[in-house]
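*Asks:* After the structure tokens below, expect a handful of questions from me.
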Amino acid sequence: MARVKGGTSAHARHKKIIDMASGYRGRSSTSFRIAIERVEKGLQYAYRDRRTKKRQFRRLWIQRINAGAREHGMTYSLFMSGLGKAGIELDRKVLSELAISEPEAFKALVDEASAALATS
């Protein structure tokens, strides 16, 4: 029985890692040993940052809503509380888009929130 050498599968495995490392600087994109380390670290960052991205976007939306609400003399906290009491259920992403692109509609929401706070 003939001896089986692993050249084909090893080459495919190396090629897969080197392809994933394309675009890296220096030997990280050409040397297999270094490319393995860089690719594994990159995958760790990707895994971590898929979760971090959600937090960062929520923080951005809150900042935008707060800026829009303060233009109309209300804080973010009071605005969100007033929306809840008024029964308006819009998520932060939509509210931030309204604050940027539709200031008149956002002003109407601020008025609704302040009216709901005044009646309670």
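Labels for the structure tokens follow display order: chains A, B, ..., residues from 1 in each chain, ligands from 1.
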Hey, could you make a per-residue contact list for segment 5-79 of chain A against segment 94-113 of chain A with 9 Å as the cut-off, showing the nearest pair of atoms and its distance in Å to one decimal, counting only C-alpha atoms, sorted by chain and number, as a tab-separated table?

*Replies:*
```
residue	atom	partner	partner_atom	distance
A:Leu60	CA	A:Ser96	CA	8.6
A:Trp61	CA	A:Ser96	CA	5.3
A:Ile62	CA	A:Ser96	CA	7.4
A:Gln63	CA	A:Ser96	CA	8.4
A:Arg64	CA	A:Ser96	CA	5.5
A:Ile65	CA	A:Ser96	CA	5.2
A:Asn66	CA	A:Ser96	CA	8.9
A:Ala67	CA	A:Ala99	CA	8.3
A:Gly68	CA	A:Ala99	CA	5.4
A:Ala69	CA	A:Val110	CA	6.8
A:His72	CA	A:Lys107	CA	7.2
A:Met74	CA	A:Val110	CA	7.8
A:Leu78	CA	A:Ala113	CA	8.0
A:Phe79	CA	A:Ala113	CA	5.9
```

*Asks:* Emit the selected residues as a PDB file, in the first residue's frame, including C-alpha atoms.

*Replies:*
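Resulting contents of result.pdb:
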```pdb
ATOM      1  CA  LEU A  60     -25.142  57.016  19.297  1.00  0.00           C
ATOM      2  CA  TRP A  61     -28.930  56.958  18.918  1.00  0.00           C
ATOM      3  CA  ILE A  62     -29.387  58.181  22.494  1.00  0.00           C
ATOM      4  CA  GLN A  63     -26.965  61.064  21.886  1.00  0.00           C
ATOM      5  CA  ARG A  64     -28.823  62.079  18.735  1.00  0.00           C
ATOM      6  CA  ILE A  65     -32.218  61.913  20.457  1.00  0.00           C
ATOM      7  CA  ASN A  66     -30.875  63.926  23.376  1.00  0.00           C
ATOM      8  CA  ALA A  67     -29.517  66.603  21.035  1.00  0.00           C
ATOM      9  CA  GLY A  68     -32.839  66.792  19.197  1.00  0.00           C
ATOM     10  CA  ALA A  69     -34.831  66.965  22.412  1.00  0.00           C
ATOM     11  CA  HIS A  72     -36.832  71.943  21.965  1.00  0.00           C
ATOM     12  CA  MET A  74     -36.407  68.958  26.931  1.00  0.00           C
ATOM     13  CA  LEU A  78     -38.004  63.501  30.171  1.00  0.00           C
ATOM     14  CA  PHE A  79     -38.608  62.978  26.460  1.00  0.00           C
TER      15      PHE A  79
END
```

*Asks:* Give the alpha helix (DSSP H) residues of segment 23-98 of chain A, as DSSP finds them on the backbone, and put them as a ChimeraX atom specification.

*Replies:* /A:32-71,76-86,92-98

*Asks:* Identify which of the residues A:Lys93, A:Lys85, A:Arg33, A:Arg27 lies closest to Ala118 of chain A, counting only C-alpha atoms when measuring atom-to-atom distances.

*Replies:*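 Of A:Lys93, A:Lys85, A:Arg33, A:Arg27, the one nearest Ala118 of chain A, counting only C-alpha atoms, is A:Lys85.
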
*Asks:* Near Ile17 of chain A, within 8 Å and counting only C-alpha atoms, which residues show up once chain neighbours fewer than 3 positions away are dropped, as a PyMOL selection string?

*Replies:* chain A and resi 13-14+20-21+32+35-36+39

*Asks:* Can you write out the residues you just picked, keeping C-alpha atoms, as a PDB file, in the first residue's frame?

*Replies:*
```
ATOM      1  CA  ARG A  13      -5.393  24.612   4.502  1.00  0.00           C
ATOM      2  CA  HIS A  14      -2.510  27.054   4.130  1.00  0.00           C
ATOM      3  CA  MET A  20      -8.131  35.250   5.016  1.00  0.00           C
ATOM      4  CA  ALA A  21      -4.985  37.242   5.868  1.00  0.00           C
ATOM      5  CA  PHE A  32       1.657  30.963   7.221  1.00  0.00           C
ATOM      6  CA  ALA A  35      -0.898  34.602   9.338  1.00  0.00           C
ATOM      7  CA  ILE A  36      -2.511  31.961  11.594  1.00  0.00           C
ATOM      8  CA  VAL A  39      -6.289  35.608  11.485  1.00  0.00           C
TER       9      VAL A  39
END
```

*Asks:* Excluding Thr119 of chain A and any residue of its chain fewer than 3 positions from it, enumerate the residues within 10 Å of it, using only C-alpha atoms, and give them as a ChimeraX atom specification.

*Replies:* /A:85-86,114-116

*Asks:* Suppose you want the space between atom CA of Gly82 of chain A and atom CA of Ser120 of chain A; what is it in Å?

*Replies:* 9.4 Å

*Asks:* Would you please work out which residue, of A:His11, A:Gly84, A:Lys53, A:Arg38, is nearest to Tyr24 of chain A when using only C-alpha atoms?

*Replies:*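 Result for the nearest residue to Tyr24 of chain A: A:Arg38.
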
*Asks:* Do you have the atom CA of Gln44 of chain A-atom CA of Ala12 of chain A distance handy?

*Replies:*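 Those two atoms sit 22.6 Å apart.
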